[in-house]
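Heads up, work.txt below (compact mmCIF, N, CA and C atoms):
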# COMPACT_ATOMS: atom_id res chain seq x y z
N MET A 7 0.84 -1.17 0.00
CA MET A 7 0.00 0.00 0.00
C MET A 7 0.89 1.23 0.00
N ALA A 8 0.91 1.92 -1.09
CA ALA A 8 1.83 3.05 -1.24
C ALA A 8 1.06 4.34 -1.50
N ASP A 9 0.60 4.97 -0.41
CA ASP A 9 0.00 6.30 -0.56
C ASP A 9 1.12 7.31 -0.63
N THR A 10 1.18 8.01 -1.73
CA THR A 10 2.25 9.00 -1.87
C THR A 10 1.65 10.35 -2.24
N ASN A 11 2.31 11.37 -1.78
CA ASN A 11 1.94 12.73 -2.15
C ASN A 11 2.76 13.12 -3.37
N PRO A 12 2.23 13.99 -4.20
CA PRO A 12 3.02 14.46 -5.34
C PRO A 12 4.28 15.17 -4.84
N PRO A 13 5.35 15.17 -5.63
CA PRO A 13 6.57 15.87 -5.22
C PRO A 13 6.28 17.33 -4.91
N GLY A 14 6.91 17.84 -3.88
CA GLY A 14 6.73 19.23 -3.49
C GLY A 14 5.49 19.48 -2.65
N SER A 15 4.88 18.42 -2.12
CA SER A 15 3.68 18.59 -1.31
C SER A 15 3.95 18.19 0.14
N LEU A 16 3.05 18.63 1.03
CA LEU A 16 3.17 18.33 2.45
C LEU A 16 1.82 17.87 2.95
N PHE A 17 1.80 16.78 3.72
CA PHE A 17 0.57 16.31 4.33
C PHE A 17 0.81 16.16 5.82
N VAL A 18 0.03 16.89 6.62
CA VAL A 18 0.10 16.78 8.07
C VAL A 18 -1.14 16.01 8.49
N GLY A 19 -0.95 14.76 8.85
CA GLY A 19 -2.07 13.87 9.16
C GLY A 19 -2.72 14.14 10.50
N ASP A 20 -3.94 13.61 10.65
CA ASP A 20 -4.68 13.71 11.89
C ASP A 20 -3.84 13.15 13.03
N GLY A 21 -3.74 13.88 14.13
CA GLY A 21 -2.96 13.45 15.28
C GLY A 21 -1.50 13.90 15.23
N VAL A 22 -1.07 14.51 14.13
CA VAL A 22 0.32 14.97 13.99
C VAL A 22 0.40 16.45 14.37
N PHE A 23 1.45 16.82 15.13
CA PHE A 23 1.71 18.21 15.48
C PHE A 23 3.04 18.61 14.87
N MET A 24 3.04 19.73 14.13
CA MET A 24 4.28 20.26 13.55
C MET A 24 4.45 21.69 13.99
N GLN A 25 5.71 22.07 14.19
CA GLN A 25 6.01 23.44 14.57
C GLN A 25 7.23 23.90 13.80
N GLY A 26 7.18 25.14 13.29
CA GLY A 26 8.34 25.68 12.58
C GLY A 26 7.93 26.50 11.38
N THR A 27 8.90 26.66 10.46
CA THR A 27 8.67 27.41 9.22
C THR A 27 8.73 26.43 8.07
N MET A 28 7.65 26.37 7.30
CA MET A 28 7.57 25.43 6.18
C MET A 28 7.32 26.17 4.88
N THR A 29 8.10 25.87 3.86
CA THR A 29 7.89 26.40 2.53
C THR A 29 7.62 25.21 1.62
N VAL A 30 6.43 25.21 1.01
CA VAL A 30 5.99 24.08 0.21
C VAL A 30 5.73 24.57 -1.22
N PRO A 31 6.43 24.04 -2.20
CA PRO A 31 6.23 24.52 -3.57
C PRO A 31 4.88 24.12 -4.17
N GLY A 32 4.27 23.09 -3.64
CA GLY A 32 2.99 22.60 -4.18
C GLY A 32 1.87 22.76 -3.18
N VAL A 33 1.22 21.62 -2.86
CA VAL A 33 0.05 21.60 -1.98
C VAL A 33 0.45 21.23 -0.55
N ALA A 34 -0.08 22.00 0.42
CA ALA A 34 0.08 21.66 1.83
C ALA A 34 -1.30 21.34 2.36
N SER A 35 -1.51 20.10 2.80
CA SER A 35 -2.79 19.66 3.34
C SER A 35 -2.61 19.40 4.83
N VAL A 36 -3.44 20.05 5.65
CA VAL A 36 -3.28 19.94 7.10
C VAL A 36 -4.55 19.33 7.69
N ASP A 37 -4.39 18.12 8.26
CA ASP A 37 -5.47 17.45 8.96
C ASP A 37 -5.11 17.33 10.44
N GLY A 38 -3.89 17.71 10.78
CA GLY A 38 -3.41 17.71 12.16
C GLY A 38 -3.28 19.14 12.65
N LYS A 39 -2.24 19.40 13.42
CA LYS A 39 -2.02 20.74 13.97
C LYS A 39 -0.65 21.24 13.53
N LEU A 40 -0.65 22.50 13.08
CA LEU A 40 0.58 23.12 12.62
C LEU A 40 0.69 24.49 13.28
N GLN A 41 1.87 24.77 13.84
CA GLN A 41 2.11 26.06 14.47
C GLN A 41 3.38 26.65 13.88
N GLY A 42 3.29 27.90 13.41
CA GLY A 42 4.46 28.55 12.84
C GLY A 42 4.11 29.27 11.55
N GLN A 43 5.02 29.19 10.60
CA GLN A 43 4.83 29.89 9.33
C GLN A 43 4.73 28.86 8.21
N LEU A 44 3.67 28.99 7.40
CA LEU A 44 3.44 28.06 6.29
C LEU A 44 3.24 28.86 5.01
N THR A 45 4.09 28.59 4.02
CA THR A 45 3.98 29.22 2.70
C THR A 45 3.89 28.11 1.68
N ALA A 46 2.90 28.20 0.78
CA ALA A 46 2.71 27.17 -0.24
C ALA A 46 1.96 27.77 -1.42
N ASP A 47 1.87 26.99 -2.51
CA ASP A 47 1.05 27.42 -3.63
C ASP A 47 -0.43 27.24 -3.25
N VAL A 48 -0.76 26.07 -2.69
CA VAL A 48 -2.12 25.75 -2.27
C VAL A 48 -2.08 25.22 -0.84
N ILE A 49 -2.94 25.76 0.01
CA ILE A 49 -3.06 25.27 1.39
C ILE A 49 -4.50 24.81 1.59
N ALA A 50 -4.66 23.58 2.05
CA ALA A 50 -5.97 23.02 2.35
C ALA A 50 -5.99 22.59 3.81
N ILE A 51 -6.79 23.26 4.60
CA ILE A 51 -6.91 22.90 6.01
C ILE A 51 -8.20 22.09 6.15
N GLN A 52 -8.03 20.82 6.46
CA GLN A 52 -9.15 19.89 6.52
C GLN A 52 -9.98 20.12 7.78
N THR A 53 -11.10 19.46 7.90
CA THR A 53 -12.04 19.65 9.01
C THR A 53 -11.38 19.51 10.37
N ASN A 54 -10.49 18.53 10.54
CA ASN A 54 -9.81 18.33 11.82
C ASN A 54 -8.54 19.15 11.94
N GLY A 55 -8.14 19.84 10.88
CA GLY A 55 -6.88 20.55 10.86
C GLY A 55 -6.95 21.93 11.49
N SER A 56 -5.79 22.36 12.01
CA SER A 56 -5.69 23.72 12.54
C SER A 56 -4.29 24.26 12.28
N VAL A 57 -4.24 25.53 11.91
CA VAL A 57 -2.96 26.21 11.69
C VAL A 57 -2.99 27.49 12.50
N ASP A 58 -1.93 27.69 13.29
CA ASP A 58 -1.79 28.91 14.08
C ASP A 58 -0.45 29.53 13.70
N GLY A 59 -0.52 30.67 13.00
CA GLY A 59 0.71 31.34 12.58
C GLY A 59 0.46 32.12 11.30
N LYS A 60 1.54 32.48 10.63
CA LYS A 60 1.43 33.21 9.37
C LYS A 60 1.28 32.21 8.23
N THR A 61 0.20 32.36 7.48
CA THR A 61 -0.12 31.45 6.37
C THR A 61 -0.22 32.26 5.09
N THR A 62 0.58 31.88 4.09
CA THR A 62 0.58 32.59 2.81
C THR A 62 0.53 31.59 1.67
N ALA A 63 -0.40 31.82 0.72
CA ALA A 63 -0.53 30.94 -0.44
C ALA A 63 -1.32 31.65 -1.53
N ASN A 64 -1.23 31.12 -2.74
CA ASN A 64 -2.08 31.63 -3.81
C ASN A 64 -3.53 31.24 -3.57
N HIS A 65 -3.73 29.99 -3.14
CA HIS A 65 -5.08 29.47 -2.91
C HIS A 65 -5.14 28.84 -1.52
N ILE A 66 -6.12 29.27 -0.73
CA ILE A 66 -6.30 28.71 0.61
C ILE A 66 -7.75 28.27 0.76
N LYS A 67 -7.92 27.03 1.24
CA LYS A 67 -9.25 26.47 1.51
C LYS A 67 -9.26 26.02 2.96
N VAL A 68 -10.25 26.51 3.73
CA VAL A 68 -10.29 26.23 5.16
C VAL A 68 -11.59 25.53 5.54
N ALA A 69 -11.47 24.30 6.02
CA ALA A 69 -12.61 23.57 6.57
C ALA A 69 -12.41 23.39 8.08
N GLY A 70 -11.20 23.61 8.57
CA GLY A 70 -10.86 23.53 9.99
C GLY A 70 -10.70 24.92 10.57
N SER A 71 -9.58 25.16 11.29
CA SER A 71 -9.37 26.49 11.87
C SER A 71 -8.01 27.06 11.47
N LEU A 72 -8.01 28.36 11.27
CA LEU A 72 -6.82 29.10 10.85
C LEU A 72 -6.78 30.38 11.67
N THR A 73 -5.69 30.58 12.42
CA THR A 73 -5.59 31.77 13.25
C THR A 73 -4.27 32.48 13.01
N ASP A 74 -4.25 33.76 13.32
CA ASP A 74 -3.12 34.67 13.22
C ASP A 74 -3.20 35.46 11.92
N THR A 75 -2.23 35.29 11.01
CA THR A 75 -2.17 36.09 9.79
C THR A 75 -2.37 35.20 8.57
N THR A 76 -3.34 35.56 7.73
CA THR A 76 -3.66 34.79 6.54
C THR A 76 -3.56 35.69 5.32
N VAL A 77 -2.78 35.26 4.30
CA VAL A 77 -2.68 36.00 3.05
C VAL A 77 -2.96 35.02 1.91
N ALA A 78 -4.09 35.26 1.22
CA ALA A 78 -4.46 34.45 0.05
C ALA A 78 -4.29 35.36 -1.17
N ASN A 79 -3.21 35.16 -1.90
CA ASN A 79 -2.90 36.04 -3.03
C ASN A 79 -3.91 35.95 -4.17
N ARG A 80 -4.62 34.83 -4.26
CA ARG A 80 -5.63 34.68 -5.31
C ARG A 80 -7.00 34.36 -4.72
N THR A 81 -7.18 33.16 -4.16
CA THR A 81 -8.50 32.79 -3.65
C THR A 81 -8.45 32.31 -2.21
N LEU A 82 -9.50 32.64 -1.49
CA LEU A 82 -9.70 32.17 -0.13
C LEU A 82 -11.11 31.59 -0.06
N VAL A 83 -11.21 30.30 0.29
CA VAL A 83 -12.51 29.64 0.40
C VAL A 83 -12.66 29.18 1.85
N VAL A 84 -13.75 29.61 2.47
CA VAL A 84 -14.06 29.19 3.84
C VAL A 84 -15.24 28.24 3.75
N GLU A 85 -14.99 26.98 4.06
CA GLU A 85 -16.05 25.96 4.02
C GLU A 85 -17.02 26.18 5.18
N SER A 86 -18.14 25.47 5.17
CA SER A 86 -19.17 25.64 6.20
C SER A 86 -18.66 25.36 7.61
N SER A 87 -17.65 24.51 7.74
CA SER A 87 -17.08 24.20 9.05
C SER A 87 -15.83 25.02 9.34
N GLY A 88 -15.43 25.89 8.41
CA GLY A 88 -14.18 26.65 8.55
C GLY A 88 -14.30 27.87 9.44
N VAL A 89 -13.22 28.13 10.18
CA VAL A 89 -13.14 29.29 11.07
C VAL A 89 -11.78 29.95 10.85
N ILE A 90 -11.80 31.25 10.53
CA ILE A 90 -10.56 32.02 10.38
C ILE A 90 -10.63 33.19 11.34
N ALA A 91 -9.55 33.41 12.11
CA ALA A 91 -9.48 34.52 13.05
C ALA A 91 -8.12 35.19 12.93
N GLY A 92 -8.12 36.51 12.95
CA GLY A 92 -6.86 37.26 12.88
C GLY A 92 -6.88 38.26 11.75
N SER A 93 -5.73 38.50 11.17
CA SER A 93 -5.60 39.42 10.04
C SER A 93 -5.73 38.63 8.74
N ILE A 94 -6.71 39.00 7.91
CA ILE A 94 -7.03 38.24 6.70
C ILE A 94 -6.88 39.14 5.49
N THR A 95 -6.04 38.73 4.53
CA THR A 95 -5.86 39.47 3.29
C THR A 95 -6.14 38.51 2.15
N TYR A 96 -6.93 38.96 1.15
CA TYR A 96 -7.34 38.07 0.08
C TYR A 96 -7.54 38.86 -1.21
N ALA A 97 -7.53 38.16 -2.36
CA ALA A 97 -7.87 38.78 -3.64
C ALA A 97 -9.32 38.48 -3.97
N GLU A 98 -9.72 37.20 -3.86
CA GLU A 98 -11.12 36.78 -4.05
C GLU A 98 -11.47 35.85 -2.89
N MET A 99 -12.73 35.98 -2.42
CA MET A 99 -13.12 35.17 -1.27
C MET A 99 -14.51 34.58 -1.46
N GLU A 100 -14.68 33.36 -0.95
CA GLU A 100 -15.98 32.70 -0.93
C GLU A 100 -16.17 32.13 0.47
N ILE A 101 -17.30 32.45 1.08
CA ILE A 101 -17.62 31.94 2.41
C ILE A 101 -18.90 31.13 2.30
N LYS A 102 -18.80 29.85 2.60
CA LYS A 102 -19.98 28.98 2.55
C LYS A 102 -20.79 29.20 3.82
N LYS A 103 -22.11 28.94 3.72
CA LYS A 103 -23.00 29.12 4.86
C LYS A 103 -22.48 28.33 6.06
N GLY A 104 -22.30 29.03 7.17
CA GLY A 104 -21.77 28.41 8.38
C GLY A 104 -20.32 28.74 8.61
N GLY A 105 -19.59 29.14 7.56
CA GLY A 105 -18.19 29.53 7.69
C GLY A 105 -18.07 30.80 8.50
N SER A 106 -16.92 31.01 9.15
CA SER A 106 -16.77 32.13 10.05
C SER A 106 -15.45 32.87 9.84
N LEU A 107 -15.53 34.19 9.87
CA LEU A 107 -14.35 35.06 9.83
C LEU A 107 -14.41 36.00 11.02
N GLN A 108 -13.26 36.24 11.65
CA GLN A 108 -13.22 37.19 12.76
C GLN A 108 -11.87 37.88 12.73
N GLY A 109 -11.88 39.20 12.76
CA GLY A 109 -10.63 39.96 12.77
C GLY A 109 -10.65 41.04 11.72
N SER A 110 -9.47 41.46 11.28
CA SER A 110 -9.39 42.50 10.25
C SER A 110 -9.31 41.83 8.88
N ILE A 111 -10.08 42.37 7.95
CA ILE A 111 -10.18 41.76 6.62
C ILE A 111 -9.82 42.82 5.58
N HIS A 112 -8.86 42.48 4.70
CA HIS A 112 -8.39 43.42 3.68
C HIS A 112 -8.41 42.75 2.31
N LYS A 113 -8.93 43.46 1.33
CA LYS A 113 -8.93 42.96 -0.05
C LYS A 113 -7.69 43.47 -0.75
N ILE A 114 -6.96 42.58 -1.41
CA ILE A 114 -5.76 42.96 -2.14
C ILE A 114 -6.16 43.87 -3.29
N GLY A 115 -5.43 44.98 -3.44
CA GLY A 115 -5.68 45.88 -4.55
C GLY A 115 -6.76 46.90 -4.30
N LYS A 116 -7.38 46.89 -3.15
CA LYS A 116 -8.41 47.87 -2.84
C LYS A 116 -7.89 48.78 -1.75
N ALA A 117 -7.91 50.09 -2.02
CA ALA A 117 -7.40 51.06 -1.06
C ALA A 117 -8.30 51.10 0.16
N MET A 118 -7.69 51.34 1.30
CA MET A 118 -8.45 51.47 2.52
C MET A 118 -9.21 52.79 2.49
N PRO A 119 -10.43 52.86 2.99
CA PRO A 119 -11.18 54.11 2.98
C PRO A 119 -10.53 55.13 3.89
N SER A 120 -10.60 56.39 3.48
CA SER A 120 -10.03 57.47 4.26
C SER A 120 -11.15 58.15 5.03
N PHE A 121 -10.94 58.36 6.31
CA PHE A 121 -11.96 59.01 7.13
C PHE A 121 -11.47 60.38 7.60
N GLY A 122 -10.51 60.95 6.87
CA GLY A 122 -9.94 62.24 7.25
C GLY A 122 -10.70 63.40 6.65
N ALA A 123 -9.99 64.53 6.45
CA ALA A 123 -10.59 65.76 5.95
C ALA A 123 -11.08 65.62 4.51
N SER A 124 -10.60 64.64 3.77
CA SER A 124 -10.99 64.51 2.38
C SER A 124 -12.38 63.90 2.21
N ALA A 125 -13.01 63.50 3.29
CA ALA A 125 -14.35 62.92 3.20
C ALA A 125 -15.33 64.00 2.79
N PRO A 126 -16.33 63.68 1.98
CA PRO A 126 -17.30 64.69 1.56
C PRO A 126 -18.10 65.17 2.76
N PRO A 127 -18.53 66.45 2.72
CA PRO A 127 -19.29 66.96 3.86
C PRO A 127 -20.64 66.25 3.95
N PRO A 128 -21.18 66.17 5.16
CA PRO A 128 -22.47 65.50 5.32
C PRO A 128 -23.57 66.29 4.62
N ALA A 129 -24.60 65.63 4.18
CA ALA A 129 -25.73 66.29 3.53
C ALA A 129 -26.46 67.13 4.55
N PRO A 130 -26.99 68.30 4.12
CA PRO A 130 -27.71 69.13 5.09
C PRO A 130 -28.96 68.43 5.57
N ALA A 131 -29.31 68.72 6.81
CA ALA A 131 -30.51 68.11 7.40
C ALA A 131 -31.74 68.66 6.71
N PRO A 132 -32.78 67.86 6.54
CA PRO A 132 -34.00 68.36 5.90
C PRO A 132 -34.63 69.45 6.77
N ALA A 133 -35.20 70.45 6.10
CA ALA A 133 -35.82 71.57 6.82
C ALA A 133 -37.07 71.09 7.54
N ASP A 134 -37.35 71.75 8.66
CA ASP A 134 -38.56 71.44 9.41
C ASP A 134 -39.75 71.94 8.59
N THR A 135 -40.71 71.09 8.30
CA THR A 135 -41.82 71.47 7.42
C THR A 135 -42.66 72.59 8.02
N SER A 136 -42.74 72.73 9.32
CA SER A 136 -43.52 73.81 9.91
C SER A 136 -42.89 75.16 9.60
N GLU A 137 -41.54 75.23 9.55
CA GLU A 137 -40.86 76.47 9.19
C GLU A 137 -41.10 76.81 7.73
N VAL A 138 -41.06 75.79 6.84
CA VAL A 138 -41.27 76.01 5.42
C VAL A 138 -42.69 76.50 5.18
N GLU A 139 -43.68 75.89 5.84
CA GLU A 139 -45.08 76.30 5.68
C GLU A 139 -45.29 77.72 6.19
N ALA A 140 -44.66 78.07 7.31
CA ALA A 140 -44.81 79.40 7.89
C ALA A 140 -44.21 80.44 6.95
N ALA A 141 -43.06 80.16 6.37
CA ALA A 141 -42.42 81.10 5.45
C ALA A 141 -43.26 81.27 4.20
N ALA A 142 -43.83 80.19 3.67
CA ALA A 142 -44.65 80.28 2.47
C ALA A 142 -45.91 81.08 2.73
N SER A 143 -46.56 80.90 3.89
CA SER A 143 -47.80 81.64 4.18
C SER A 143 -47.51 83.10 4.48
N ALA A 144 -46.34 83.41 5.00
CA ALA A 144 -45.97 84.79 5.26
C ALA A 144 -45.70 85.53 3.96
N GLU A 145 -45.15 84.86 2.95
CA GLU A 145 -44.84 85.50 1.67
C GLU A 145 -46.09 85.64 0.81
N ALA A 146 -47.06 84.79 0.90
CA ALA A 146 -48.24 84.80 0.04
C ALA A 146 -49.05 86.09 0.15
N PRO A 147 -49.39 86.57 1.35
CA PRO A 147 -50.19 87.81 1.41
C PRO A 147 -49.42 89.00 0.87
N ALA A 148 -48.13 89.07 1.09
CA ALA A 148 -47.34 90.20 0.59
C ALA A 148 -47.37 90.21 -0.93
N ALA A 149 -47.27 89.07 -1.54
CA ALA A 149 -47.29 89.00 -2.99
C ALA A 149 -48.66 89.39 -3.50
N GLY A 150 -49.73 88.94 -2.83
CA GLY A 150 -51.10 89.28 -3.23
C GLY A 150 -51.37 90.76 -3.04
N HIS A 151 -50.86 91.38 -1.98
CA HIS A 151 -51.05 92.79 -1.71
C HIS A 151 -50.37 93.66 -2.74
N ALA A 152 -49.19 93.22 -3.20
CA ALA A 152 -48.44 93.98 -4.21
C ALA A 152 -49.20 94.00 -5.52
N GLU A 153 -49.91 92.93 -5.83
CA GLU A 153 -50.66 92.89 -7.09
C GLU A 153 -51.87 93.79 -7.04
N GLU A 154 -52.47 93.98 -5.84
CA GLU A 154 -53.67 94.82 -5.73
C GLU A 154 -53.34 96.29 -5.86
N ASN A 155 -52.19 96.72 -5.39
CA ASN A 155 -51.78 98.12 -5.45
C ASN A 155 -50.62 98.27 -6.42
N PRO A 156 -50.88 98.61 -7.68
CA PRO A 156 -49.79 98.72 -8.65
C PRO A 156 -48.90 99.89 -8.43
Using structure tokens, write down the structure that the file contains.
Amino acid sequence: MADTNPPGSLFVGDGVFMQGTMTVPGVASVDGKLQGQLTADVIAIQTNGSVDGKTTANHIKVAGSLTDTTVANRTLVVESSGVIAGSITYAEMEIKKGGSLQGSIHKIGKAMPSFGASAPPPAPAPADTSEVEAAASAEAPAAGHAEENP
């Protein structure tokens, strides 16, 4: 029985704990626990898997838990059982019903909104209708009186 992973891939099985910095040129699949820094082309965190640390990949799929810093340069998919907490940066994201995100979320290529002096001024408040009606009724007799006396 020869279960093999493709060259350049990493599989962290259920019940396995890894700690450190890992750079994976291909797919990193985590069904166990990983703590540290993980960089790969594709990261798949399975239902029982958890990663705590800085995670960077082109494509990230989370069905387990991912905490700390997450950077998905292309796609981030959060499955219905997936939980991500911390700083999240992504280009495109899909969250399935039941999936959870918590923390700061930033879209790659989108500027952060500015809340400084460059913000447009607020719209003026609507006038009180009683004041408008009073002004209109005050002007009406004057206009009518001017027409009677040329």
For atom N of Gly115 (chain A) and atom C of Ser15 (chain A), the interatomic separation in Å (one decimal):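 For atom N of Gly115 (chain A) relative to atom C of Ser15 (chain A), the distance reads 28.6 Å.
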Do you have the CA of Thr95 (chain A)-atom N of Gly38 (chain A) distance handy?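 Separation of CA of Thr95 (chain A) and atom N of Gly38 (chain A): 23.1 Å.
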Atom C of Phe23 (chain A) to atom N of Gly109 (chain A), straight-line distance in Å: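 Taking atom N of Gly109 (chain A) and atom C of Phe23 (chain A), their separation equals 25.5 Å.
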I want to know what sits within 12 Å of Ala78 (chain A), based on only C-alpha atoms, with residues of the same chain fewer than 3 positions away left out; could you give that as a VMD selection string? chain A and resid 44 to 50 60 to 68 75 81 to 84 93 to 100 111 to 114
Show me the residues close to (-12.5, 20.7, 9.3) - anything with an atom within 8 Å, counting all atoms listed in the file - and format the list as a PDB file with N, CA and C atoms, in the frame of the given file.
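The result, written out as point_17.pdb:
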ATOM      1  N   ASP A  37      -4.390  18.120   8.260  1.00  0.00           N
ATOM      2  CA  ASP A  37      -5.470  17.450   8.960  1.00  0.00           C
ATOM      3  C   ASP A  37      -5.110  17.330  10.440  1.00  0.00           C
ATOM      4  N   ILE A  51      -6.790  23.260   4.600  1.00  0.00           N
ATOM      5  CA  ILE A  51      -6.910  22.900   6.010  1.00  0.00           C
ATOM      6  C   ILE A  51      -8.200  22.090   6.150  1.00  0.00           C
ATOM      7  N   GLN A  52      -8.030  20.820   6.460  1.00  0.00           N
ATOM      8  CA  GLN A  52      -9.150  19.890   6.520  1.00  0.00           C
ATOM      9  C   GLN A  52      -9.980  20.120   7.780  1.00  0.00           C
ATOM     10  N   THR A  53     -11.100  19.460   7.900  1.00  0.00           N
ATOM     11  CA  THR A  53     -12.040  19.650   9.010  1.00  0.00           C
ATOM     12  C   THR A  53     -11.380  19.510  10.370  1.00  0.00           C
ATOM     13  N   ASN A  54     -10.490  18.530  10.540  1.00  0.00           N
ATOM     14  CA  ASN A  54      -9.810  18.330  11.820  1.00  0.00           C
ATOM     15  C   ASN A  54      -8.540  19.150  11.940  1.00  0.00           C
ATOM     16  N   GLY A  55      -8.140  19.840  10.880  1.00  0.00           N
ATOM     17  CA  GLY A  55      -6.880  20.550  10.860  1.00  0.00           C
ATOM     18  C   GLY A  55      -6.950  21.930  11.490  1.00  0.00           C
ATOM     19  N   SER A  56      -5.790  22.360  12.010  1.00  0.00           N
ATOM     20  CA  SER A  56      -5.690  23.720  12.540  1.00  0.00           C
ATOM     21  C   SER A  56      -4.290  24.260  12.280  1.00  0.00           C
ATOM     22  N   VAL A  68     -10.250  26.510   3.730  1.00  0.00           N
ATOM     23  CA  VAL A  68     -10.290  26.230   5.160  1.00  0.00           C
ATOM     24  C   VAL A  68     -11.590  25.530   5.540  1.00  0.00           C
ATOM     25  N   ALA A  69     -11.470  24.300   6.020  1.00  0.00           N
ATOM     26  CA  ALA A  69     -12.610  23.570   6.570  1.00  0.00           C
ATOM     27  C   ALA A  69     -12.410  23.390   8.080  1.00  0.00           C
ATOM     28  N   GLY A  70     -11.200  23.610   8.570  1.00  0.00           N
ATOM     29  CA  GLY A  70     -10.860  23.530   9.990  1.00  0.00           C
ATOM     30  C   GLY A  70     -10.700  24.920  10.570  1.00  0.00           C
ATOM     31  N   SER A  71      -9.580  25.160  11.290  1.00  0.00           N
ATOM     32  CA  SER A  71      -9.370  26.490  11.870  1.00  0.00           C
ATOM     33  C   SER A  71      -8.010  27.060  11.470  1.00  0.00           C
ATOM     34  N   SER A  86     -18.140  25.470   5.170  1.00  0.00           N
ATOM     35  CA  SER A  86     -19.170  25.640   6.200  1.00  0.00           C
ATOM     36  C   SER A  86     -18.660  25.360   7.610  1.00  0.00           C
ATOM     37  N   SER A  87     -17.650  24.510   7.740  1.00  0.00           N
ATOM     38  CA  SER A  87     -17.080  24.200   9.050  1.00  0.00           C
ATOM     39  C   SER A  87     -15.830  25.020   9.340  1.00  0.00           C
ATOM     40  N   GLY A  88     -15.430  25.890   8.410  1.00  0.00           N
ATOM     41  CA  GLY A  88     -14.180  26.650   8.550  1.00  0.00           C
ATOM     42  C   GLY A  88     -14.300  27.870   9.440  1.00  0.00           C
ATOM     43  N   VAL A  89     -13.220  28.130  10.180  1.00  0.00           N
ATOM     44  CA  VAL A  89     -13.140  29.290  11.070  1.00  0.00           C
ATOM     45  C   VAL A  89     -11.780  29.950  10.850  1.00  0.00           C
TER      46      VAL A  89
END
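Proximity ranking of A:Val18, A:Thr73, A:Pro12, A:Met24 relative to Val36 (chain A) places A:Val18 first, based on only N, CA and C atoms.
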Determine the axis-aligned bounding box of all atoms of region 73-90 of chain A present in the file, pad each side by 3 Å, and express its centre and edge lengths in Å to one decimal place as lines of an AutoDock Vina configuration file.
center_x = -10.7
center_y = 30.1
center_z = 4.0
size_x = 23.0
size_y = 17.9
size_z = 24.6
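Of the listed residues A:Gln43, A:Gly105, A:Leu16, A:Asp58, the one whose atoms come nearest to Pro31 (chain A) is A:Leu16, with distances taken using only C-alpha atoms.
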Could you check which of A:Leu72, A:Gly19, A:Pro13, A:Ile101 is closest to Glu85 (chain A), using all atoms listed in the file?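 Closest candidate: A:Ile101.
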Pick from A:Ser110, A:Asn11, A:Asn79, A:Thr27, whichever lies nearest to Ala91 (chain A) using only N, CA and C atoms: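 Under the stated criterion, the closest residue is A:Ser110.
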